[in-house]
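K.L.:
The file below is my_file07.pdb, PDB, C-alpha atoms and all ligand atoms:
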```pdb
ATOM      1  CA  ARG V 202       0.000   0.000   0.000  1.00  0.00           C
ATOM      2  CA  ARG V 203       2.971   2.227  -0.472  1.00  0.00           C
ATOM      3  CA  GLY V 204       2.005   5.607  -1.857  1.00  0.00           C
ATOM      4  CA  ILE V 205      -1.551   5.554  -0.598  1.00  0.00           C
ATOM      5  CA  ILE V 206      -2.338   8.449   1.712  1.00  0.00           C
ATOM      6  CA  MET V 207      -5.266   8.288   4.102  1.00  0.00           C
ATOM      7  CA  TYR V 208      -7.168  11.472   4.871  1.00  0.00           C
ATOM      8  CA  SER V 209      -9.653  12.190   7.646  1.00  0.00           C
ATOM      9  CA  GLU V 210     -13.307  12.702   6.780  1.00  0.00           C
ATOM     10  CA  LYS V 211     -12.988  16.371   7.659  1.00  0.00           C
ATOM     11  CA  VAL V 212     -10.113  16.829   5.237  1.00  0.00           C
ATOM     12  CA  MET V 213     -12.125  15.123   2.507  1.00  0.00           C
ATOM     13  CA  ASP V 214     -15.122  17.311   3.334  1.00  0.00           C
ATOM     14  CA  HIS V 215     -13.163  20.578   3.189  1.00  0.00           C
ATOM     15  CA  PHE V 216     -11.403  19.428   0.041  1.00  0.00           C
ATOM     16  CA  SER V 217     -14.627  18.479  -1.774  1.00  0.00           C
ATOM     17  CA  ASN V 218     -16.635  21.391  -0.431  1.00  0.00           C
ATOM     18  CA  PRO V 219     -14.203  24.167   0.467  1.00  0.00           C
ATOM     19  CA  ARG V 220     -15.608  27.096   2.478  1.00  0.00           C
ATOM     20  CA  ASN V 221     -14.908  30.748   1.748  1.00  0.00           C
ATOM     21  CA  VAL V 222     -13.377  30.325  -1.690  1.00  0.00           C
ATOM     22  CA  GLY V 223     -12.920  33.557  -3.596  1.00  0.00           C
ATOM     23  CA  GLU V 224     -11.507  37.037  -3.382  1.00  0.00           C
ATOM     24  CA  ILE V 225     -12.338  40.139  -1.365  1.00  0.00           C
ATOM     25  CA  GLU V 226     -12.231  43.362  -3.306  1.00  0.00           C
ATOM     26  CA  ASN V 227     -10.293  46.061  -1.459  1.00  0.00           C
ATOM     27  CA  ALA V 228      -9.395  43.595   1.264  1.00  0.00           C
ATOM     28  CA  SER V 229      -7.823  45.003   4.437  1.00  0.00           C
ATOM     29  CA  GLY V 230      -4.992  42.545   4.010  1.00  0.00           C
ATOM     30  CA  VAL V 231      -3.896  39.990   1.424  1.00  0.00           C
ATOM     31  CA  GLY V 232      -1.272  37.327   1.945  1.00  0.00           C
ATOM     32  CA  THR V 233       0.214  35.135  -0.753  1.00  0.00           C
ATOM     33  CA  VAL V 234       2.616  32.346   0.073  1.00  0.00           C
ATOM     34  CA  GLY V 235       4.048  29.401  -1.770  1.00  0.00           C
ATOM     35  CA  ASN V 236       6.063  26.294  -1.312  1.00  0.00           C
ATOM     36  CA  ALA V 237       8.953  26.107  -3.753  1.00  0.00           C
ATOM     37  CA  LYS V 238       9.202  22.327  -3.541  1.00  0.00           C
ATOM     38  CA  CYS V 239       5.672  21.397  -4.529  1.00  0.00           C
ATOM     39  CA  GLY V 240       4.844  24.659  -6.315  1.00  0.00           C
ATOM     40  CA  ASP V 241       1.593  25.148  -4.443  1.00  0.00           C
ATOM     41  CA  ILE V 242       0.351  28.701  -3.908  1.00  0.00           C
ATOM     42  CA  MET V 243      -2.114  29.982  -1.334  1.00  0.00           C
ATOM     43  CA  ARG V 244      -3.674  33.444  -1.058  1.00  0.00           C
ATOM     44  CA  ILE V 245      -5.775  34.626   1.863  1.00  0.00           C
ATOM     45  CA  TYR V 246      -7.864  37.806   1.929  1.00  0.00           C
ATOM     46  CA  LEU V 247      -8.927  39.413   5.194  1.00  0.00           C
ATOM     47  CA  ASP V 248     -11.566  42.053   5.782  1.00  0.00           C
ATOM     48  CA  ILE V 249     -10.849  43.653   9.142  1.00  0.00           C
ATOM     49  CA  ASP V 250     -13.055  46.207  10.882  1.00  0.00           C
ATOM     50  CA  GLN V 251     -12.066  49.253  12.946  1.00  0.00           C
ATOM     51  CA  ASP V 252     -11.821  47.187  16.122  1.00  0.00           C
ATOM     52  CA  GLY V 253      -9.436  44.717  14.524  1.00  0.00           C
ATOM     53  CA  VAL V 254     -12.027  41.993  14.105  1.00  0.00           C
ATOM     54  CA  ILE V 255     -11.960  39.792  11.010  1.00  0.00           C
ATOM     55  CA  LYS V 256     -15.332  40.309   9.376  1.00  0.00           C
ATOM     56  CA  ASP V 257     -14.658  38.246   6.282  1.00  0.00           C
ATOM     57  CA  CYS V 258     -12.005  35.907   5.018  1.00  0.00           C
ATOM     58  CA  LYS V 259     -11.608  34.263   1.643  1.00  0.00           C
ATOM     59  CA  PHE V 260      -8.970  32.195  -0.058  1.00  0.00           C
ATOM     60  CA  LYS V 261      -7.652  31.006  -3.368  1.00  0.00           C
ATOM     61  CA  THR V 262      -5.367  28.043  -3.430  1.00  0.00           C
ATOM     62  CA  PHE V 263      -3.572  26.583  -6.387  1.00  0.00           C
ATOM     63  CA  GLY V 264      -2.432  23.371  -4.887  1.00  0.00           C
ATOM     64  CA  CYS V 265      -3.002  19.942  -3.497  1.00  0.00           C
ATOM     65  CA  GLY V 266      -6.090  18.697  -1.685  1.00  0.00           C
ATOM     66  CA  ALA V 267      -4.541  19.134   1.740  1.00  0.00           C
ATOM     67  CA  ALA V 268      -3.639  22.737   0.892  1.00  0.00           C
ATOM     68  CA  VAL V 269      -7.248  23.399  -0.180  1.00  0.00           C
ATOM     69  CA  ALA V 270      -8.615  21.743   2.975  1.00  0.00           C
ATOM     70  CA  THR V 271      -6.262  23.628   5.297  1.00  0.00           C
ATOM     71  CA  SER V 272      -7.032  26.968   3.599  1.00  0.00           C
ATOM     72  CA  SER V 273     -10.731  26.277   3.942  1.00  0.00           C
ATOM     73  CA  MET V 274     -10.427  25.356   7.613  1.00  0.00           C
ATOM     74  CA  ALA V 275      -8.086  28.277   8.336  1.00  0.00           C
ATOM     75  CA  THR V 276     -10.614  30.768   6.935  1.00  0.00           C
ATOM     76  CA  GLU V 277     -13.350  29.235   9.092  1.00  0.00           C
ATOM     77  CA  LEU V 278     -11.168  29.420  12.199  1.00  0.00           C
ATOM     78  CA  VAL V 279     -10.126  33.066  11.858  1.00  0.00           C
ATOM     79  CA  MET V 280     -13.547  34.342  10.813  1.00  0.00           C
ATOM     80  CA  GLY V 281     -14.863  36.590  13.597  1.00  0.00           C
ATOM     81  CA  MET V 282     -11.566  36.557  15.491  1.00  0.00           C
ATOM     82  CA  HIS V 283      -9.655  39.597  16.621  1.00  0.00           C
ATOM     83  CA  ILE V 284      -6.337  39.947  14.757  1.00  0.00           C
ATOM     84  CA  ASN V 285      -4.433  39.125  17.953  1.00  0.00           C
ATOM     85  CA  GLU V 286      -6.278  35.823  18.217  1.00  0.00           C
ATOM     86  CA  ALA V 287      -5.895  35.088  14.507  1.00  0.00           C
ATOM     87  CA  LEU V 288      -2.160  35.535  14.896  1.00  0.00           C
ATOM     88  CA  LYS V 289      -2.141  32.611  17.313  1.00  0.00           C
ATOM     89  CA  VAL V 290      -3.836  30.209  14.908  1.00  0.00           C
ATOM     90  CA  THR V 291      -1.023  27.784  14.197  1.00  0.00           C
ATOM     91  CA  ASN V 292      -0.764  25.138  11.520  1.00  0.00           C
ATOM     92  CA  LYS V 293      -1.193  22.633  14.348  1.00  0.00           C
ATOM     93  CA  ALA V 294      -4.521  24.218  15.296  1.00  0.00           C
ATOM     94  CA  VAL V 295      -5.646  23.966  11.675  1.00  0.00           C
ATOM     95  CA  MET V 296      -4.518  20.336  11.478  1.00  0.00           C
ATOM     96  CA  ASP V 297      -6.235  19.481  14.756  1.00  0.00           C
ATOM     97  CA  ALA V 298      -9.447  21.056  13.505  1.00  0.00           C
ATOM     98  CA  LEU V 299      -9.184  18.753  10.482  1.00  0.00           C
ATOM     99  CA  ASP V 300      -8.561  15.683  12.667  1.00  0.00           C
ATOM    100  CA  GLY V 301      -4.992  15.524  11.490  1.00  0.00           C
ATOM    101  CA  LEU V 302      -2.996  15.296   8.284  1.00  0.00           C
ATOM    102  CA  PRO V 303      -0.610  12.620   7.049  1.00  0.00           C
ATOM    103  CA  PRO V 304       3.042  13.516   7.815  1.00  0.00           C
ATOM    104  CA  VAL V 305       3.912  14.221   4.171  1.00  0.00           C
ATOM    105  CA  LYS V 306       1.128  16.815   4.109  1.00  0.00           C
ATOM    106  CA  VAL V 307       2.070  18.797   7.211  1.00  0.00           C
ATOM    107  CA  HIS V 308       3.796  21.452   5.089  1.00  0.00           C
ATOM    108  CA  CYS V 309       0.459  22.164   3.400  1.00  0.00           C
ATOM    109  CA  SER V 310      -0.965  23.317   6.733  1.00  0.00           C
ATOM    110  CA  LEU V 311       2.118  25.456   7.261  1.00  0.00           C
ATOM    111  CA  LEU V 312       1.128  27.373   4.140  1.00  0.00           C
ATOM    112  CA  ALA V 313      -2.198  28.239   5.793  1.00  0.00           C
ATOM    113  CA  GLU V 314      -0.497  29.641   8.889  1.00  0.00           C
ATOM    114  CA  GLU V 315       1.973  31.576   6.739  1.00  0.00           C
ATOM    115  CA  ALA V 316      -0.784  32.958   4.510  1.00  0.00           C
ATOM    116  CA  ILE V 317      -2.715  34.283   7.524  1.00  0.00           C
ATOM    117  CA  HIS V 318       0.444  35.898   8.859  1.00  0.00           C
ATOM    118  CA  ALA V 319       1.245  37.404   5.460  1.00  0.00           C
ATOM    119  CA  ALA V 320      -2.283  38.852   5.207  1.00  0.00           C
ATOM    120  CA  LEU V 321      -2.020  40.295   8.733  1.00  0.00           C
ATOM    121  CA  TRP V 322       1.355  41.760   7.859  1.00  0.00           C
ATOM    122  CA  ASP V 323      -0.097  43.359   4.725  1.00  0.00           C
ATOM    123  CA  TYR V 324      -2.928  44.802   6.832  1.00  0.00           C
ATOM    124  CA  ALA V 325      -0.471  46.179   9.400  1.00  0.00           C
ATOM    125  CA  GLN V 326       1.657  47.763   6.668  1.00  0.00           C
ATOM    126  CA  LYS V 327      -1.306  49.396   4.958  1.00  0.00           C
ATOM    127  CA  HIS V 328      -2.659  50.762   8.229  1.00  0.00           C
ATOM    128  CA  ASN V 329       0.658  51.695   9.716  1.00  0.00           C
ATOM    129  CA  ILE V 330       0.213  49.641  12.840  1.00  0.00           C
ATOM    130  CA  ILE V 331       2.343  47.127  14.667  1.00  0.00           C
ATOM    131  CA  ILE V 332       0.823  43.780  15.560  1.00  0.00           C
ATOM    132  CA  GLU V 333       2.693  42.502  18.582  1.00  0.00           C
ATOM    133  CA  GLY V 334       4.333  39.154  17.915  1.00  0.00           C
ATOM    134  CA  LEU V 335       3.927  39.273  14.144  1.00  0.00           C
ATOM    135  CA  GLU V 336       7.094  38.860  12.164  1.00  0.00           C
ATOM    136  CA  GLN V 337       7.668  40.000   8.615  1.00  0.00           C
ATOM    137  CA  PRO V 338       6.937  37.122   6.239  1.00  0.00           C
ATOM    138  CA  LYS V 339       9.940  35.741   4.366  1.00  0.00           C
TER
HETATM  139 FE1  LIG V 401       1.041  18.140  -6.667  1.00  0.00          FE
HETATM  140 FE2  LIG V 401       0.894  19.928  -4.612  1.00  0.00          FE
HETATM  141  S1  LIG V 401       2.513  18.660  -5.231  1.00  0.00           S
HETATM  142  S2  LIG V 401      -0.541  19.407  -6.083  1.00  0.00           S
HETATM  143 FE1  LIG V 402       2.558  21.321  -1.165  1.00  0.00          FE
HETATM  144 FE2  LIG V 402       0.252  20.435  -0.388  1.00  0.00          FE
HETATM  145  S1  LIG V 402       1.738  19.386  -1.478  1.00  0.00           S
HETATM  146  S2  LIG V 402       0.998  22.415  -0.215  1.00  0.00           S
END
```
Would you give me this structure, written as C-alpha cells?

P.N.:
Amino acid sequence: RRGIIMYSEKVMDHFSNPRNVGEIENASGVGTVGNAKCGDIMRIYLDIDQDGVIKDCKFKTFGCGAAVATSSMATELVMGMHINEALKVTNKAVMDALDGLPPVKVHCSLLAEEAIHAALWDYAQKHNIIIEGLEQPK
C-alpha cells in the first residue's frame, strides 16, 4: 500500500466542499505564500473592521487537496476573530481542527499559517500599525 495516503473525513469534506473560496475586493490585508518544492500557492484575503475583528475571510489556493482543505479550515477558524487571536492560529490548530494530516502533508498546513500571517502583515503595513508578535513574512 505504499504511496496511498489516508485522509480524515474532515479533510475530505473541506477538500470536496471548500468554504470561503474567492476574493475580497479592497481587502484590508492579502497574503500570498508558496512552497517552492511542490509549487503550491495559497492566497488569503482578510476584511478587518475598525476594532481589529476579522469580518470576512476568503482564499484562493492553487495546490493539493490538503492545501485546499487547510485553507478552507483556516478561513473558518479566523472568521470573527480579533487579529491578535488570529495571529495565534497555528498550523497545528488547523490540522487538529481537520482531525490531522498525514506527515507528508504537514507542510500544506504550514502554508495556511503563513498565509494568515502574510495577510495580517499586509494589513499592518497598509494601516501603519504594529501587531505585537507578528514577524515580517519571508
Ligand atoms: Fe502536486 Fe501539490 S505537489 S498538487
Ligand atoms: Fe505542497 Fe500540499 S503538497 S501544499

K.L.:
Which residues are near ligand LIG 402 (chain V) in this structure, taking near to mean any atom at most 9 Å from a ligand atom and counting only C-alpha atoms and all ligand atoms? Format them as a list in words.

P.N.:
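These are the residues that qualify: Gly235, Asn236, Ala237, Lys238, Cys239, Gly240, Asp241, Ile242, Met243, Phe263, Gly264, Cys265, Gly266, Ala267, Ala268, Val269, Val305, Lys306, Val307, His308, Cys309, Ser310, Leu311, Leu312 and Ala313 of chain V.
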
K.L.:
Starting from the shown file, work through the PyMOL selection byres (((chain V and resi 278) around 10) and not hetatm) and note down what comes out as a VMD selection string.

P.N.:
chain V and resid 258 272 to 277 279 to 282 287 290 294 to 295 298

K.L.:
Hey, what comes out of the PyMOL selection byres (((chain V and resi 259) around 7) and not hetatm) on this file? Could you write it as an MDAnalysis selection string?

P.N.:
chainID V and resid 221:225 245:247 257:258 260 276

K.L.:
Identify, on the basis of only C-alpha atoms, every residue whose closest approach to Ile331 of chain V does not exceed 12 Å; exclude the query and any residue fewer than 6 positions from it along the same chain; express the result as a list in words.

P.N.:
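Counting only C-alpha atoms, the residues come to Ile284, Asn285, Leu321, Trp322, Asp323, Tyr324, Ala325 and Gln337 of chain V.
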
K.L.:
Compare V:Ala316, V:Thr262, V:Gln251, V:Arg244 by their minimum atom-to-atom distance to ligand LIG 401 (chain V), counting all atoms listed in the file, and give me the closest one.

P.N.:
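Answer, going by the shortest atom-to-atom distance: V:Thr262.
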
K.L.:
Could you add whatever atoms are missing so that segment 320-337 of chain V carries N, CA and C atoms, then write the result as a CSV table (one decimal), keeping the file's coordinate frame?

P.N.:
```csv
chain,number,residue,atom,x,y,z
V,320,ALA,N,-1.1,38.0,5.4
V,320,ALA,CA,-2.3,38.9,5.2
V,320,ALA,C,-2.3,39.9,6.4
V,321,LEU,N,-2.0,39.4,7.6
V,321,LEU,CA,-2.0,40.3,8.7
V,321,LEU,C,-0.9,41.3,8.6
V,322,TRP,N,0.2,40.9,8.1
V,322,TRP,CA,1.4,41.8,7.9
V,322,TRP,C,1.0,42.8,6.8
V,323,ASP,N,0.3,42.4,5.8
V,323,ASP,CA,-0.1,43.4,4.7
V,323,ASP,C,-1.1,44.4,5.3
V,324,TYR,N,-2.0,43.9,6.1
V,324,TYR,CA,-2.9,44.8,6.8
V,324,TYR,C,-2.2,45.8,7.7
V,325,ALA,N,-1.2,45.3,8.5
V,325,ALA,CA,-0.5,46.2,9.4
V,325,ALA,C,0.3,47.2,8.6
V,326,GLN,N,0.9,46.8,7.5
V,326,GLN,CA,1.7,47.8,6.7
V,326,GLN,C,0.8,48.9,6.1
V,327,LYS,N,-0.4,48.4,5.6
V,327,LYS,CA,-1.3,49.4,5.0
V,327,LYS,C,-1.9,50.4,6.0
V,328,HIS,N,-2.0,49.9,7.2
V,328,HIS,CA,-2.7,50.8,8.2
V,328,HIS,C,-1.7,51.3,9.2
V,329,ASN,N,-0.4,51.1,8.9
V,329,ASN,CA,0.7,51.7,9.7
V,329,ASN,C,0.5,51.3,11.2
V,330,ILE,N,0.3,50.1,11.5
V,330,ILE,CA,0.2,49.6,12.8
V,330,ILE,C,1.2,48.5,13.1
V,331,ILE,N,1.5,48.2,14.3
V,331,ILE,CA,2.3,47.1,14.7
V,331,ILE,C,1.5,46.1,15.4
V,332,ILE,N,1.5,44.9,14.9
V,332,ILE,CA,0.8,43.8,15.6
V,332,ILE,C,1.9,43.0,16.4
V,333,GLU,N,1.7,43.1,17.7
V,333,GLU,CA,2.7,42.5,18.6
V,333,GLU,C,2.9,41.0,18.3
V,334,GLY,N,4.1,40.6,18.1
V,334,GLY,CA,4.3,39.2,17.9
V,334,GLY,C,4.3,38.7,16.5
V,335,LEU,N,4.0,39.6,15.6
V,335,LEU,CA,3.9,39.3,14.1
V,335,LEU,C,5.2,39.6,13.5
V,336,GLU,N,5.8,38.6,12.9
V,336,GLU,CA,7.1,38.9,12.2
V,336,GLU,C,6.9,39.0,10.7
V,337,GLN,N,7.8,39.8,10.1
V,337,GLN,CA,7.7,40.0,8.6
V,337,GLN,C,7.8,38.7,7.9
```
